[in-house]
$ cat query_0.txt   # compact mmCIF, C-alpha atoms
# COMPACT_ATOMS: atom_id res chain seq x y z
CA MET A 92 -73.75 -91.58 96.98
CA GLU A 93 -76.92 -91.40 94.95
CA TYR A 94 -79.90 -92.56 96.98
CA TYR A 95 -83.56 -93.15 96.19
CA ARG A 96 -86.37 -92.16 98.55
CA ALA A 97 -89.21 -94.58 99.30
CA VAL A 98 -91.51 -91.69 100.17
CA TRP A 99 -94.58 -93.95 100.21
CA THR A 100 -93.22 -95.61 103.40
CA THR A 101 -93.38 -92.36 105.43
CA PRO A 102 -95.50 -92.90 108.58
CA ASN A 103 -98.83 -91.02 108.61
CA TYR A 104 -97.91 -88.91 111.65
CA LEU A 105 -95.05 -87.29 109.72
CA LYS A 106 -95.52 -84.82 106.88
CA ALA A 107 -93.72 -86.54 104.00
CA SER A 108 -92.29 -83.45 102.28
CA THR A 109 -90.88 -82.00 105.52
CA SER A 110 -89.56 -85.38 106.69
CA TRP A 111 -87.62 -85.98 103.50
CA THR A 112 -86.27 -82.43 103.50
CA ASP A 113 -84.97 -82.98 107.04
CA ILE A 114 -83.46 -86.34 106.02
CA ALA A 115 -81.66 -84.64 103.10
CA ASP A 116 -80.50 -81.85 105.43
CA GLY A 117 -79.13 -84.48 107.81
CA GLY A 118 -77.20 -86.03 104.95
CA SER A 119 -75.89 -82.63 103.87
CA ARG A 120 -74.18 -82.29 107.25
CA ILE A 121 -71.96 -85.16 106.14
CA ASP A 122 -71.83 -84.16 102.45
CA ARG A 123 -70.95 -80.51 103.12
CA GLY A 124 -68.89 -81.10 106.24
CA TYR A 125 -71.04 -79.17 108.72
CA ASN A 126 -69.43 -80.02 112.02
CA GLU A 127 -68.33 -78.81 115.42
CA CYS A 128 -64.79 -80.19 114.93
CA GLY A 129 -63.25 -77.41 112.86
CA LEU A 130 -62.91 -79.55 109.72
CA ALA A 131 -63.09 -77.77 106.39
CA GLN A 132 -66.34 -78.14 104.47
CA ASN A 133 -66.38 -81.26 102.29
CA ALA A 134 -63.05 -82.33 103.79
CA TRP A 135 -63.84 -85.90 102.73
CA ASN A 136 -64.63 -85.01 99.10
CA ILE A 137 -67.93 -86.90 99.06
CA SER A 138 -71.17 -86.25 97.23
CA LEU A 139 -74.78 -86.97 98.16
CA THR A 140 -77.65 -86.67 95.67
CA SER A 141 -81.14 -88.05 95.20
CA PRO A 142 -82.53 -88.45 91.70
CA GLY A 143 -86.00 -89.11 93.06
CA THR A 144 -88.37 -91.63 94.55
CA THR A 145 -88.68 -95.37 94.20
CA SER A 146 -91.29 -98.06 94.72
CA ARG A 147 -88.58 -100.30 96.20
CA THR A 148 -87.65 -100.64 99.85
CA ALA A 149 -84.30 -100.76 101.61
CA ASN A 150 -82.78 -104.25 101.83
CA ILE A 151 -83.08 -104.17 105.59
CA THR A 152 -85.14 -106.53 107.73
CA ALA A 153 -86.44 -105.86 111.24
CA SER A 154 -83.44 -107.72 112.66
CA GLY A 155 -80.62 -106.89 110.24
CA CYS A 156 -79.32 -106.54 106.72
CA SER A 157 -80.58 -108.42 103.70
CA SER A 158 -78.64 -108.87 100.43
CA ASP A 159 -76.89 -106.25 98.32
CA ASP A 160 -78.91 -105.13 95.29
CA ASP A 161 -76.63 -102.30 94.07
CA ASP A 162 -79.24 -99.61 94.86
CA ASP A 163 -79.06 -97.05 97.66
CA VAL A 164 -82.57 -96.81 99.15
CA ILE A 165 -83.87 -94.95 102.20
CA ASP A 166 -87.21 -95.90 103.72
CA PHE A 167 -89.27 -96.26 106.88
CA GLY A 168 -90.11 -99.72 108.18
CA PRO A 169 -90.03 -102.12 111.12
CA LEU A 170 -86.86 -102.50 113.19
CA ASP A 171 -86.31 -104.60 116.29
CA ALA A 172 -85.59 -102.80 119.57
CA PRO A 173 -83.46 -100.99 120.51
CA ALA A 174 -82.75 -99.70 116.97
CA ILE A 175 -84.41 -96.44 115.91
CA ALA A 176 -82.67 -96.52 112.51
CA ARG A 177 -80.27 -98.83 110.73
CA THR A 178 -77.77 -98.51 107.90
CA CYS A 179 -76.60 -101.54 105.97
CA THR A 180 -73.43 -101.03 103.95
CA TRP A 181 -72.12 -103.48 101.39
CA TYR A 182 -68.50 -103.48 100.25
CA LEU A 183 -66.79 -104.62 97.07
CA SER A 184 -64.17 -107.28 97.60
CA LEU A 185 -61.07 -106.11 95.77
CA PRO A 186 -57.43 -107.03 96.33
CA GLY A 187 -56.04 -104.66 98.96
CA ASP A 188 -59.17 -102.53 99.18
CA ASN A 189 -62.83 -102.79 100.15
CA PRO A 190 -64.67 -99.75 98.76
CA ILE A 191 -68.33 -99.26 99.56
CA ASN A 192 -70.61 -100.65 96.87
CA ASN A 193 -73.86 -99.31 98.26
CA ALA A 194 -75.78 -98.57 101.45
CA ASP A 195 -79.43 -98.61 102.49
CA ILE A 196 -80.95 -96.70 105.42
CA ARG A 197 -84.15 -97.55 107.28
CA PHE A 198 -85.86 -95.31 109.82
CA LYS A 199 -88.08 -97.12 112.31
CA SER A 200 -91.73 -96.54 111.45
CA THR A 201 -93.06 -96.47 115.04
CA THR A 202 -95.69 -93.74 115.47
CA GLY A 203 -94.40 -90.69 117.34
CA LEU A 204 -90.72 -91.75 117.35
CA TYR A 205 -89.41 -88.75 115.40
CA PHE A 206 -90.00 -85.04 115.43
CA ILE A 207 -89.34 -82.51 112.68
CA GLY A 208 -87.87 -79.07 113.27
CA SER A 209 -87.51 -77.68 116.78
CA ILE A 210 -87.71 -79.88 119.87
CA PRO A 211 -91.33 -80.15 121.01
CA SER A 212 -92.16 -79.40 124.64
CA GLY A 213 -92.32 -82.47 126.83
CA CYS A 214 -90.17 -84.32 124.30
CA SER A 215 -89.17 -87.64 125.80
CA GLY A 216 -88.27 -90.75 123.87
CA ARG A 217 -88.47 -88.89 120.55
CA TYR A 218 -85.68 -88.11 118.12
CA SER A 219 -84.86 -85.42 115.59
CA ILE A 220 -85.18 -87.09 112.21
CA GLU A 221 -82.47 -84.75 110.87
CA GLY A 222 -80.07 -85.72 113.67
CA VAL A 223 -80.71 -89.43 113.17
CA ALA A 224 -80.24 -88.98 109.40
CA THR A 225 -76.85 -87.33 109.97
CA HIS A 226 -75.80 -90.29 112.10
CA GLU A 227 -77.02 -92.86 109.56
CA PHE A 228 -75.48 -91.09 106.55
CA GLY A 229 -72.18 -91.20 108.45
CA HIS A 230 -72.50 -95.01 108.42
CA ALA A 231 -73.43 -94.96 104.73
CA PHE A 232 -70.15 -93.17 104.02
CA GLY A 233 -68.16 -95.69 106.05
CA LEU A 234 -68.04 -94.23 109.55
CA ASN A 235 -68.68 -96.64 112.39
CA HIS A 236 -69.47 -96.19 116.05
CA PHE A 237 -66.53 -95.21 118.23
CA GLY A 238 -64.48 -98.28 119.09
CA GLU A 239 -65.83 -100.46 116.26
CA GLN A 240 -63.53 -101.60 113.51
CA LEU A 241 -64.27 -101.04 109.83
CA PRO A 242 -63.78 -103.81 107.23
CA ASN A 243 -60.87 -101.96 105.59
$ encode --input "query_0.txt" --output "structure tokens"
Amino acid sequence: MEYYRAVWTTPNYLKASTSWTDIADGGSRIDRGYNECGLAQNAWNISLTSPGTTSRTANITASGCSSDDDDDVIDFGPLDAPAIARTCTWYLSLPGDNPINNADIRFKSTTGLYFIGSIPSGCSGRYSIEGVATHEFGHAFGLNHFGEQLPN
């Protein structure tokens, strides 16, 4: 997966450079296979890179997914409750197979929702941006929530 970063969408309360480093680190937990399950590193043989920034936004609305545009974009923006982040994944329709065509990720832009680095004291109702990124990159690579069925 090669994704573009819409850095200009980073909320003011977050330091952009640190936020995007933590987002990349969250993705590397999927890419490099960092896990607590005893799986070998890169057991899935996947790759995650970012060639840079973009002026575009993810094709994600506050309430759901928009249309596929063949670009993988990560941004911050509005999302309806209870979502704190959302991944939209589009699949190719091929006979006997449905490989992922592309995926966009949006982090909710609500002020104070995320923290960077170590857990701040009195942390309630806030989330590690790296941890949320790991979760969302899992969706981008085709993992779903436990008990939900994948398209193929």
$ closest_residue --input "query_0.txt" --among "A:Ala149, A:Val164, A:Leu183, A:Val98" --to "Thr112 (chain A)" --atoms "all atoms listed in the file"
A:Val98
$ atom_distance --input "query_0.txt" --atom1 "CA of Ile220 (chain A)" --atom2 "CA of Thr202 (chain A)"
12.9 Å
$ atom_distance --input "query_0.txt" --atom1 "CA of Lys106 (chain A)" --atom2 "CA of Ser200 (chain A)"
13.1 Å
$ atom_distance --input "query_0.txt" --atom1 "CA of Asn192 (chain A)" --atom2 "CA of Phe232 (chain A)"
10.4 Å
$ residues_around --input "query_0.txt" --residues "Arg147 (chain A)" --least-positions-apart "4" --cutoff "10 Å" --atoms "all atoms listed in the file" --output "PyMOL selection string"
chain A and resi 95-100+162+164-166
$ closest_residue --input "query_0.txt" --among "A:Phe206, A:Phe198, A:Ala174, A:Thr144" --to "Thr109 (chain A)" --atoms "all atoms listed in the file"
A:Phe206
$ closest_residue --input "query_0.txt" --among "A:Ile175, A:Ile151, A:Ala231, A:Leu105" --to "Asn193 (chain A)" --atoms "all atoms listed in the file"
A:Ala231
$ closest_residue --input "query_0.txt" --among "A:Gly213, A:Tyr182, A:Glu93, A:Asn235" --to "Asp163 (chain A)" --atoms "all atoms listed in the file"
A:Glu93
$ closest_residue --input "query_0.txt" --among "A:Ser215, A:Ser108, A:Thr101, A:Thr201" --to "Thr148 (chain A)" --atoms "all atoms listed in the file"
A:Thr101
$ closest_residue --input "query_0.txt" --among "A:Leu139, A:Ala194, A:Leu170, A:Gly222" --to "Ile207 (chain A)" --atoms "all atoms listed in the file"
A:Gly222
$ axis_aligned_box --input "query_0.txt" --around "region 116-121 of chain A" --padding-each-side "4 Å" --output "AutoDock Vina command-line options"
--center_x -76.2 --center_y -83.9 --center_z 105.8 --size_x 16.5 --size_y 12.2 --size_z 11.9
$ residues_around --input "query_0.txt" --residues "Pro190 (chain A)" --least-positions-apart "3" --cutoff "10 Å" --atoms "only C-alpha atoms" --output "list of chain:residue names"
A:Trp181, A:Tyr182, A:Leu183, A:Ser184, A:Leu185, A:Gly187, A:Asn193, A:Gly233, A:Pro242, A:Asn243
